Structure formats: structure tokens, C-alpha cells
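Source file: run_36.cif. Holds: mmCIF, C-alpha atoms and all ligand atoms.
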```cif
data_coords
loop_
_atom_site.group_PDB
_atom_site.id
_atom_site.type_symbol
_atom_site.label_atom_id
_atom_site.label_comp_id
_atom_site.auth_asym_id
_atom_site.auth_seq_id
_atom_site.Cartn_x
_atom_site.Cartn_y
_atom_site.Cartn_z
ATOM 1 C CA MET A 16 -16.258 -23.344 0.017
ATOM 2 C CA ASN A 17 -16.022 -19.802 1.122
ATOM 3 C CA LEU A 18 -15.014 -19.015 4.676
ATOM 4 C CA GLN A 19 -13.649 -15.608 3.845
ATOM 5 C CA ASN A 20 -14.693 -12.418 5.493
ATOM 6 C CA ASN A 21 -16.885 -13.719 8.230
ATOM 7 C CA LEU A 22 -14.218 -13.991 10.940
ATOM 8 C CA LEU A 23 -11.350 -11.791 9.815
ATOM 9 C CA LYS A 24 -11.921 -8.431 8.259
ATOM 10 C CA GLY A 25 -10.621 -7.604 4.842
ATOM 11 C CA GLY A 26 -10.026 -10.877 3.158
ATOM 12 C CA ILE A 27 -7.106 -13.185 2.931
ATOM 13 C CA HIS A 28 -6.779 -15.787 5.562
ATOM 14 C CA TYR A 29 -5.902 -19.411 5.683
ATOM 15 C CA LEU A 30 -7.152 -22.359 7.610
ATOM 16 C CA THR A 31 -4.086 -23.849 9.298
ATOM 17 C CA SER A 32 -5.623 -26.438 11.546
ATOM 18 C CA ASP A 33 -8.962 -28.139 11.255
ATOM 19 C CA TYR A 34 -11.342 -29.351 13.923
ATOM 20 C CA TYR A 35 -10.256 -32.596 15.581
ATOM 21 C CA THR A 36 -6.877 -32.811 13.954
ATOM 22 C CA ARG A 37 -4.292 -33.876 16.499
ATOM 23 C CA ASN A 38 -2.220 -31.259 18.252
ATOM 24 C CA SER A 39 1.523 -31.746 18.805
ATOM 25 C CA ASN A 40 0.758 -32.613 22.441
ATOM 26 C CA ARG A 41 -1.636 -35.276 21.090
ATOM 27 C CA SER A 42 -4.741 -33.632 22.452
ATOM 28 C CA MET A 43 -7.527 -33.085 19.947
ATOM 29 C CA HIS A 44 -7.904 -29.703 18.387
ATOM 30 C CA LYS A 45 -11.359 -28.441 19.285
ATOM 31 C CA GLY A 46 -11.638 -25.518 16.976
ATOM 32 C CA MET A 47 -10.320 -24.103 13.749
ATOM 33 C CA ASP A 48 -7.276 -21.884 13.304
ATOM 34 C CA PHE A 49 -7.159 -19.042 10.840
ATOM 35 C CA VAL A 50 -4.230 -16.918 9.774
ATOM 36 C CA GLY A 51 -4.667 -13.465 8.339
ATOM 37 C CA GLN A 52 -2.879 -11.491 5.711
ATOM 38 C CA THR A 53 -1.205 -9.370 8.356
ATOM 39 C CA LYS A 54 -0.254 -10.530 11.823
ATOM 40 C CA GLN A 55 -2.968 -8.555 13.495
ATOM 41 C CA ASP A 56 -6.060 -8.628 11.335
ATOM 42 C CA ASP A 57 -9.279 -7.350 12.843
ATOM 43 C CA ILE A 58 -11.519 -10.122 14.061
ATOM 44 C CA ILE A 59 -15.223 -9.655 13.381
ATOM 45 C CA ALA A 60 -18.246 -11.207 15.038
ATOM 46 C CA LEU A 61 -19.702 -14.137 13.106
ATOM 47 C CA GLU A 62 -23.236 -13.391 14.296
ATOM 48 C CA ASP A 63 -25.225 -10.922 16.333
ATOM 49 C CA GLY A 64 -24.971 -11.837 20.002
ATOM 50 C CA THR A 65 -24.047 -10.891 23.537
ATOM 51 C CA VAL A 66 -20.547 -10.938 24.974
ATOM 52 C CA ASN A 67 -20.855 -13.456 27.792
ATOM 53 C CA TYR A 68 -17.217 -13.955 28.724
ATOM 54 C CA ILE A 69 -13.883 -12.167 28.412
ATOM 55 C CA GLY A 70 -10.878 -13.734 30.072
ATOM 56 C CA TYR A 71 -7.312 -14.984 29.961
ATOM 57 C CA ASP A 72 -5.624 -18.284 30.620
ATOM 58 C CA SER A 73 -2.162 -19.550 29.758
ATOM 59 C CA ARG A 74 -3.421 -21.899 27.063
ATOM 60 C CA SER A 75 -6.091 -19.781 25.385
ATOM 61 C CA GLY A 76 -4.445 -16.417 25.917
ATOM 62 C CA ASN A 77 -6.900 -13.548 25.827
ATOM 63 C CA TRP A 78 -10.227 -14.881 24.693
ATOM 64 C CA LEU A 79 -13.833 -13.941 24.555
ATOM 65 C CA SER A 80 -17.156 -15.575 23.979
ATOM 66 C CA ILE A 81 -20.246 -14.285 22.219
ATOM 67 C CA LYS A 82 -23.509 -16.018 22.899
ATOM 68 C CA THR A 83 -25.942 -16.381 19.995
ATOM 69 C CA ASN A 84 -29.164 -18.384 20.351
ATOM 70 C CA GLY A 85 -27.703 -20.346 23.270
ATOM 71 C CA ILE A 86 -24.513 -21.198 21.371
ATOM 72 C CA GLU A 87 -21.154 -19.703 22.297
ATOM 73 C CA HIS A 88 -18.802 -18.455 19.634
ATOM 74 C CA ARG A 89 -15.327 -18.353 21.154
ATOM 75 C CA TYR A 90 -12.336 -16.417 19.885
ATOM 76 C CA PHE A 91 -8.864 -17.226 21.272
ATOM 77 C CA HIS A 92 -5.246 -15.928 21.318
ATOM 78 C CA LEU A 93 -6.435 -12.315 20.993
ATOM 79 C CA GLU A 94 -3.799 -9.597 20.929
ATOM 80 C CA ASN A 95 -3.160 -7.850 24.234
ATOM 81 C CA ASN A 96 -5.259 -4.718 24.788
ATOM 82 C CA SER A 97 -7.096 -5.196 21.516
ATOM 83 C CA ILE A 98 -10.515 -6.270 22.769
ATOM 84 C CA LYS A 99 -13.077 -3.669 21.734
ATOM 85 C CA VAL A 100 -16.122 -5.035 23.563
ATOM 86 C CA LYS A 101 -17.134 -5.437 27.196
ATOM 87 C CA LYS A 102 -18.998 -8.186 28.955
ATOM 88 C CA ASN A 103 -22.771 -8.031 28.263
ATOM 89 C CA ASP A 104 -22.269 -5.838 25.185
ATOM 90 C CA LEU A 105 -24.538 -6.545 22.270
ATOM 91 C CA VAL A 106 -22.477 -7.038 19.132
ATOM 92 C CA LYS A 107 -23.564 -7.066 15.529
ATOM 93 C CA LYS A 108 -22.462 -9.506 12.904
ATOM 94 C CA GLY A 109 -19.379 -8.116 11.187
ATOM 95 C CA GLU A 110 -18.490 -5.777 14.055
ATOM 96 C CA VAL A 111 -14.780 -5.639 14.920
ATOM 97 C CA ILE A 112 -14.314 -7.257 18.334
ATOM 98 C CA ALA A 113 -10.536 -7.624 18.712
ATOM 99 C CA LYS A 114 -7.277 -8.126 16.856
ATOM 100 C CA MET A 115 -5.729 -11.450 16.004
ATOM 101 C CA GLY A 116 -2.806 -12.208 18.311
ATOM 102 C CA LYS A 117 -0.619 -15.025 19.596
ATOM 103 C CA THR A 118 -1.284 -14.836 23.319
ATOM 104 C CA GLY A 119 -1.431 -18.060 25.317
ATOM 105 C CA ASN A 120 -0.244 -21.324 23.807
ATOM 106 C CA ALA A 121 -0.138 -20.197 20.181
ATOM 107 C CA THR A 122 2.685 -21.023 17.771
ATOM 108 C CA GLY A 123 2.151 -17.806 15.847
ATOM 109 C CA TYR A 124 -0.425 -15.162 15.109
ATOM 110 C CA ASN A 125 -3.709 -16.930 14.529
ATOM 111 C CA LEU A 126 -7.331 -16.952 15.452
ATOM 112 C CA HIS A 127 -8.533 -20.129 17.113
ATOM 113 C CA PHE A 128 -12.281 -20.129 16.635
ATOM 114 C CA ALA A 129 -14.493 -22.582 18.483
ATOM 115 C CA ILE A 130 -18.172 -23.313 18.947
ATOM 116 C CA TYR A 131 -19.293 -24.340 22.433
ATOM 117 C CA LYS A 132 -22.718 -25.902 22.556
ATOM 118 C CA ASP A 133 -24.538 -27.870 25.269
ATOM 119 C CA GLY A 134 -21.420 -28.056 27.437
ATOM 120 C CA HIS A 135 -18.875 -29.176 24.878
ATOM 121 C CA TYR A 136 -17.060 -28.129 21.738
ATOM 122 C CA VAL A 137 -18.474 -29.001 18.344
ATOM 123 C CA ASP A 138 -17.120 -28.661 14.831
ATOM 124 C CA PRO A 139 -17.370 -24.977 13.816
ATOM 125 C CA LEU A 140 -17.366 -25.705 10.098
ATOM 126 C CA PRO A 141 -21.144 -26.003 9.608
ATOM 127 C CA TYR A 142 -21.593 -22.711 11.454
ATOM 128 C CA LEU A 143 -19.090 -21.034 9.196
ATOM 129 C CA MET A 144 -20.556 -22.540 6.058
ATOM 130 C CA ASN A 145 -24.077 -21.553 7.045
ATOM 131 C CA ASN A 146 -22.744 -18.080 7.426
ATOM 132 C CA ASP A 147 -21.771 -17.372 3.859
ATOM 133 C CA PRO A 148 -21.568 -13.580 3.953
ATOM 134 C CA PHE A 149 -22.154 -13.391 0.225
ATOM 135 C CA ASN A 150 -25.758 -14.459 0.235
ATOM 136 C CA LEU A 151 -27.369 -15.795 3.376
ATOM 137 C CA ASN A 152 -27.261 -13.712 6.514
ATOM 138 C CA ASN A 153 -26.258 -10.681 4.569
ATOM 139 C CA LYS A 154 -29.363 -10.971 2.443
ATOM 140 C CA ASP A 155 -30.345 -7.342 2.904
ATOM 141 C CA ALA A 156 -26.962 -6.075 1.741
ATOM 142 C CA PHE A 157 -27.051 -8.479 -1.188
ATOM 143 C CA THR A 158 -30.550 -7.495 -2.325
ATOM 144 C CA THR A 159 -29.712 -3.815 -1.994
ATOM 145 C CA PHE A 160 -26.570 -4.409 -4.013
ATOM 146 C CA ILE A 161 -28.441 -6.209 -6.790
ATOM 147 C CA LYS A 162 -31.127 -3.521 -7.016
ATOM 148 C CA ASP A 163 -28.590 -0.671 -7.050
ATOM 149 C CA LEU A 164 -26.592 -2.501 -9.648
ATOM 150 C CA GLN A 165 -29.588 -3.261 -11.850
ATOM 151 C CA LYS A 166 -30.468 0.421 -11.698
ATOM 152 C CA ALA A 167 -26.913 1.434 -12.601
ATOM 153 C CA LEU A 168 -26.733 -1.030 -15.505
ATOM 154 C CA GLY A 169 -30.183 -0.357 -16.908
ATOM 155 C CA ALA A 170 -31.400 -3.867 -16.142
ATOM 156 C CA LYS A 171 -34.825 -4.756 -14.806
ATOM 157 C CA VAL A 172 -34.817 -3.814 -11.106
ATOM 158 C CA ASP A 173 -36.184 -6.782 -9.185
ATOM 159 C CA GLY A 174 -33.337 -7.562 -6.749
ATOM 160 C CA ILE A 175 -32.948 -11.005 -8.271
ATOM 161 C CA PRO A 176 -29.783 -11.594 -10.290
ATOM 162 C CA GLY A 177 -30.100 -13.689 -13.430
ATOM 163 C CA PRO A 178 -28.876 -13.960 -17.023
ATOM 164 C CA GLU A 179 -30.424 -10.610 -17.940
ATOM 165 C CA THR A 180 -28.519 -8.788 -15.196
ATOM 166 C CA LEU A 181 -25.309 -10.616 -16.084
ATOM 167 C CA ASN A 182 -25.709 -9.673 -19.753
ATOM 168 C CA LYS A 183 -25.971 -6.008 -18.839
ATOM 169 C CA THR A 184 -22.781 -6.017 -16.786
ATOM 170 C CA ILE A 185 -19.969 -3.767 -17.905
ATOM 171 C CA THR A 186 -16.231 -3.905 -17.392
ATOM 172 C CA VAL A 187 -15.063 -1.734 -14.518
ATOM 173 C CA SER A 188 -11.433 -1.147 -13.617
ATOM 174 C CA GLN A 189 -8.940 1.624 -12.968
ATOM 175 C CA THR A 190 -9.058 2.467 -16.698
ATOM 176 C CA ILE A 191 -12.495 1.329 -17.905
ATOM 177 C CA ASN A 192 -15.681 2.884 -16.464
ATOM 178 C CA ARG A 193 -13.502 4.088 -13.617
ATOM 179 C CA LYS A 194 -16.173 6.413 -12.333
ATOM 180 C CA HIS A 195 -19.583 4.815 -12.689
ATOM 181 C CA PRO A 196 -22.735 4.261 -10.580
ATOM 182 C CA ALA A 197 -22.054 0.515 -10.805
ATOM 183 C CA VAL A 198 -18.766 1.096 -8.976
ATOM 184 C CA LYS A 199 -20.677 2.778 -6.160
ATOM 185 C CA ALA A 200 -23.012 -0.217 -5.829
ATOM 186 C CA ILE A 201 -20.022 -2.580 -5.724
ATOM 187 C CA GLN A 202 -18.244 -0.427 -3.147
ATOM 188 C CA GLU A 203 -21.279 -0.333 -0.869
ATOM 189 C CA TYR A 204 -21.615 -4.084 -1.093
ATOM 190 C CA LEU A 205 -17.949 -4.809 -0.470
ATOM 191 C CA GLN A 206 -17.994 -2.502 2.520
ATOM 192 C CA ALA A 207 -21.035 -4.344 3.895
ATOM 193 C CA LEU A 208 -19.006 -7.538 3.561
ATOM 194 C CA GLY A 209 -16.213 -6.074 5.661
ATOM 195 C CA TYR A 210 -13.754 -4.942 3.013
ATOM 196 C CA ASP A 211 -11.749 -1.842 3.809
ATOM 197 C CA LEU A 212 -12.279 0.735 1.073
ATOM 198 C CA GLY A 213 -9.486 2.946 2.327
ATOM 199 C CA PRO A 214 -9.449 6.688 3.029
ATOM 200 C CA TYR A 215 -11.778 7.680 0.148
ATOM 201 C CA GLY A 216 -14.545 5.266 1.112
ATOM 202 C CA ILE A 217 -17.555 4.993 -1.183
ATOM 203 C CA ASP A 218 -16.633 7.464 -3.907
ATOM 204 C CA SER A 219 -17.981 5.739 -7.072
ATOM 205 C CA THR A 220 -14.399 5.614 -8.345
ATOM 206 C CA PHE A 221 -12.402 2.510 -9.155
ATOM 207 C CA GLY A 222 -9.012 3.499 -7.728
ATOM 208 C CA PRO A 223 -5.963 1.546 -6.538
ATOM 209 C CA GLN A 224 -7.661 0.386 -3.332
ATOM 210 C CA MET A 225 -10.608 -1.057 -5.289
ATOM 211 C CA SER A 226 -8.165 -2.796 -7.590
ATOM 212 C CA LYS A 227 -6.421 -4.287 -4.571
ATOM 213 C CA ILE A 228 -9.693 -5.447 -3.012
ATOM 214 C CA ILE A 229 -10.899 -6.995 -6.269
ATOM 215 C CA LYS A 230 -7.602 -8.877 -6.582
ATOM 216 C CA GLU A 231 -8.138 -10.279 -3.084
ATOM 217 C CA TYR A 232 -11.719 -11.147 -3.989
ATOM 218 C CA GLN A 233 -10.619 -12.847 -7.216
ATOM 219 C CA LYS A 234 -7.984 -14.858 -5.396
ATOM 220 C CA ASN A 235 -9.937 -15.831 -2.292
ATOM 221 C CA VAL A 236 -13.557 -15.869 -3.273
ATOM 222 C CA VAL A 237 -13.666 -16.400 -7.026
ATOM 223 C CA GLY A 238 -10.705 -18.773 -6.848
ATOM 224 C CA LEU A 239 -8.792 -17.317 -9.793
ATOM 225 C CA LYS A 240 -5.072 -17.908 -10.260
ATOM 226 C CA GLY A 241 -2.074 -16.195 -11.836
ATOM 227 C CA ASN A 242 -2.798 -13.604 -14.523
ATOM 228 C CA TYR A 243 -6.540 -13.990 -14.017
ATOM 229 C CA ILE A 244 -6.118 -12.088 -10.754
ATOM 230 C CA ASP A 245 -6.134 -8.744 -12.556
ATOM 231 C CA GLY A 246 -8.180 -6.435 -10.328
ATOM 232 C CA VAL A 247 -10.625 -5.892 -13.204
ATOM 233 C CA ILE A 248 -14.315 -6.782 -13.134
ATOM 234 C CA THR A 249 -14.791 -7.822 -16.733
ATOM 235 C CA ALA A 250 -18.282 -7.767 -18.255
ATOM 236 C CA LYS A 251 -20.090 -11.108 -17.888
ATOM 237 C CA LYS A 252 -16.967 -12.853 -16.585
ATOM 238 C CA TYR A 253 -16.245 -14.862 -13.436
ATOM 239 C CA THR A 254 -15.875 -12.003 -10.984
ATOM 240 C CA TRP A 255 -19.265 -10.630 -12.009
ATOM 241 C CA GLN A 256 -20.807 -14.078 -11.797
ATOM 242 C CA LYS A 257 -19.518 -14.479 -8.267
ATOM 243 C CA LEU A 258 -20.608 -10.987 -7.235
ATOM 244 C CA LEU A 259 -24.071 -11.767 -8.587
ATOM 245 C CA ASN A 260 -24.025 -15.104 -6.798
ATOM 246 C CA LEU A 261 -24.476 -16.883 -10.125
ATOM 247 C CA ALA A 262 -21.298 -18.947 -9.806
HETATM 248 ZN ZN ZN B 1 -6.270 -23.788 17.518
#
```

Transcribe the structure of this file into C-alpha cells.
Amino acid sequence: MNLQNNLLKGGIHYLTSDYYTRNSNRSMHKGMDFVGQTKQDDIIALEDGTVNYIGYDSRSGNWLSIKTNGIEHRYFHLENNSIKVKKNDLVKKGEVIAKMGKTGNATGYNLHFAIYKDGHYVDPLPYLMNNDPFNLNNKDAFTTFIKDLQKALGAKVDGIPGPETLNKTITVSQTINRKHPAVKAIQEYLQALGYDLGPYGIDSTFGPQMSKIIKEYQKNVVGLKGNYIDGVITAKKYTWQKLLNLA
């Protein structure tokens, strides 16, 4: 299951409390809590929508709601003065809306994310799972990525990844194919997914920031452990398979 990168920008975060687990005060937990890699990760919009509420209360802290197809996506415990949108603003999926905070009744820095539908809270998990940023709603970015990559690797350019594309993959890292058109395609895709490429941006070069991002990707998305988290995209191997959505 991949819930990465569709609520918090840039990767690592953990689910600390699931929907309908019991809170310490014995009330039911009507959302999901996520913790970021830093204390104040950027929060991004799960879907396109309209900001329909921004407010504060002692329990929720600073919070805001984005309405999408009649369903409210609610983000709680936002850091003070970090909200980047205004009421009635249209926001795009992946747009930074605020920073994670611990305002209100929060035990630490976390994002409490909730889905409010037909007058009550529902389990957010299906909404997060249906929002896999690596293939579904980011279909355009994915297809563009595959075509660019196929071009760069000399594979048949049809936008559909398969065994032929995988076979043509090459190893890219800080030392192997460091500067290559395939690196550019990967960078553009990772940026579309919300990864921070650092000060050099899309430069076709596999530098330290790319290595760092790939390590995060290997750990959080590919699910690799220990020495396998090497920051290298090895020809035909797991990281490529995941990037191509073949694993
Ligand atoms: Zn919570």
C-alpha cells in the first residue's frame, strides 16, 4: 500500500493513528494521523477542489477544508501562519496548502486528515488508496514520463510500460550514466509527484539530491531495506520496476 506523497510533500511519513482507533480520552479517532520526516513538512492537496473553510478551535487547532465533488477533505493541527490558501480559492492536486503543525489538541507534530461526507466523518483510507499518485490521478505525468523515458532509452515509444521498456533500462546513479536524458525524464516525473529536486531542479544530472530522493523512494515506495537502499536505479531491478509501475 502506498500512501506516500499525496498528503505530505517530499516523501517519508508515517501513519501513527488509524481511523476509528480509540483515543486516550476514549473517543473514536475520526481521521488518520501522519508524521513527516521533519516537524513541519509541507502539506499538499489530495485533489483539486475549493477551499470551503479555514478556522481554528482548541481541539483541531488551525484547520482547513477543501471541497471536492461534494466531499470535504479536512486538514488539522496546521502550523500557525502557514496556511497558503484563502477561502474560496481553487487548489490543484499536489499544491502546497500549509505546513504540518501541532496546534490544538495534538501530542506532537502531525497531520490529522479526515474525510467529511454527507454530514459525518468516514474512513479516509479508500480515498487515499484511490489516489495513488504513481499511476491513477497522475496519469498524464505518468504517461509523459513513460514516453520520455522510452525515447531516452531507445525503446518503442507508446507510453505503455512493459517488458521491452524494462529490458532497455539502464543503471543511473551518481557515478553511472550520471548525465543522461533518462535522468531528465525521471526528474520531471519525480517533481510531478511532489519530490523536491533541490536548487538545481531538472538538470538531467544525477547528483546528491537525486541520490537522496531515490533512497527515500526505495525505502518508502519500493519497500527496500538495509543495503538495498542505495540511491542507485539499477537496470531492470526493483526501483525501475516500481517507477514503471510494473511491480
Ligand atoms: Zn488525529

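Around the coordinate (-12.2, 2.0, -4.8), residues that reach within 9 Å when counting all atoms listed in the file are Gln189, Val198, Lys199, Gln202, Leu212, Gly213, Tyr215, Gly216, Ile217, Asp218, Ser219, Thr220, Phe221, Gly222, Pro223, Gln224, Met225, Ser226, Lys227 and Ile228 of chain A.
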
*Residues matched by the PyMOL selection byres (((chain A and resi 120) around 7) and not hetatm), written as a list in words*: Ser73, Arg74, Ser75, Gly76, Thr118, Gly119, Ala121 and Thr122 of chain A

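If you apply the PyMOL selection byres (((chain A and resi 111) around 8) and not hetatm) to this structure, you end up with Lys24, Asp57, Ile58, Ile59, Ala60, Lys99, Gly109, Glu110, Ile112 and Ala113 of chain A.
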
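With all atoms listed in the file as the atoms that count, the minimum distance from A:Tyr34 to the choices A:Lys108, A:Ser97, A:Gly46, A:Ile248 is reached by A:Gly46.
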
Per-residue nearest contacts chain A to ligand ZN 1 (chain B), cut-off 9 Å, using only C-alpha atoms and all ligand atoms, as a tab-separated table:
```
residue	atom	partner	partner_atom	distance
A:Thr31	CA	B:ZN1	ZN	8.5
A:Ser32	CA	B:ZN1	ZN	6.6
A:Asp33	CA	B:ZN1	ZN	8.1
A:Tyr34	CA	B:ZN1	ZN	8.3
A:Asn38	CA	B:ZN1	ZN	8.5
A:His44	CA	B:ZN1	ZN	6.2
A:Lys45	CA	B:ZN1	ZN	7.1
A:Gly46	CA	B:ZN1	ZN	5.7
A:Met47	CA	B:ZN1	ZN	5.5
A:Asp48	CA	B:ZN1	ZN	4.7
A:Phe49	CA	B:ZN1	ZN	8.2
A:Ser75	CA	B:ZN1	ZN	8.8
A:Phe91	CA	B:ZN1	ZN	8.0
A:His92	CA	B:ZN1	ZN	8.8
A:Ala121	CA	B:ZN1	ZN	7.6
A:Asn125	CA	B:ZN1	ZN	7.9
A:Leu126	CA	B:ZN1	ZN	7.2
A:His127	CA	B:ZN1	ZN	4.3
A:Phe128	CA	B:ZN1	ZN	7.1
A:Ala129	CA	B:ZN1	ZN	8.4
```

*Spatial neighbours of A:Leu205, 10 Å, all atoms listed in the file, chain gap at least 3 places, as a PyMOL selection string*: chain A and resi 25+149+156-157+160+199-202+208-212+217+225+228-229+232+258

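The space separating atom CA of A:Leu143 from atom CA of A:Asp163 comes to 27.7 Å.
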
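Selection by the PyMOL selection byres (((chain A and resi 166) around 12) and not hetatm) on the present file picks out Thr159, Phe160, Ile161, Lys162, Asp163, Leu164, Gln165, Ala167, Leu168, Gly169, Ala170, Lys171, Val172, Asp173, Gly174, Thr180, Lys183, Thr184, His195, Pro196, Ala197, Lys199 and Ala200 of chain A.
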
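For the choices A:Glu231, A:Asp63, A:Asp155, A:Asp56, the atom-to-atom distance to A:Ala207 is smallest for A:Asp155 when using only C-alpha atoms.
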
*Which of these, A:Asn103, A:Gly134, A:Gln52, A:Glu94, has the shortest distance to A:Ile69 once you count only C-alpha atoms?*
A:Asn103
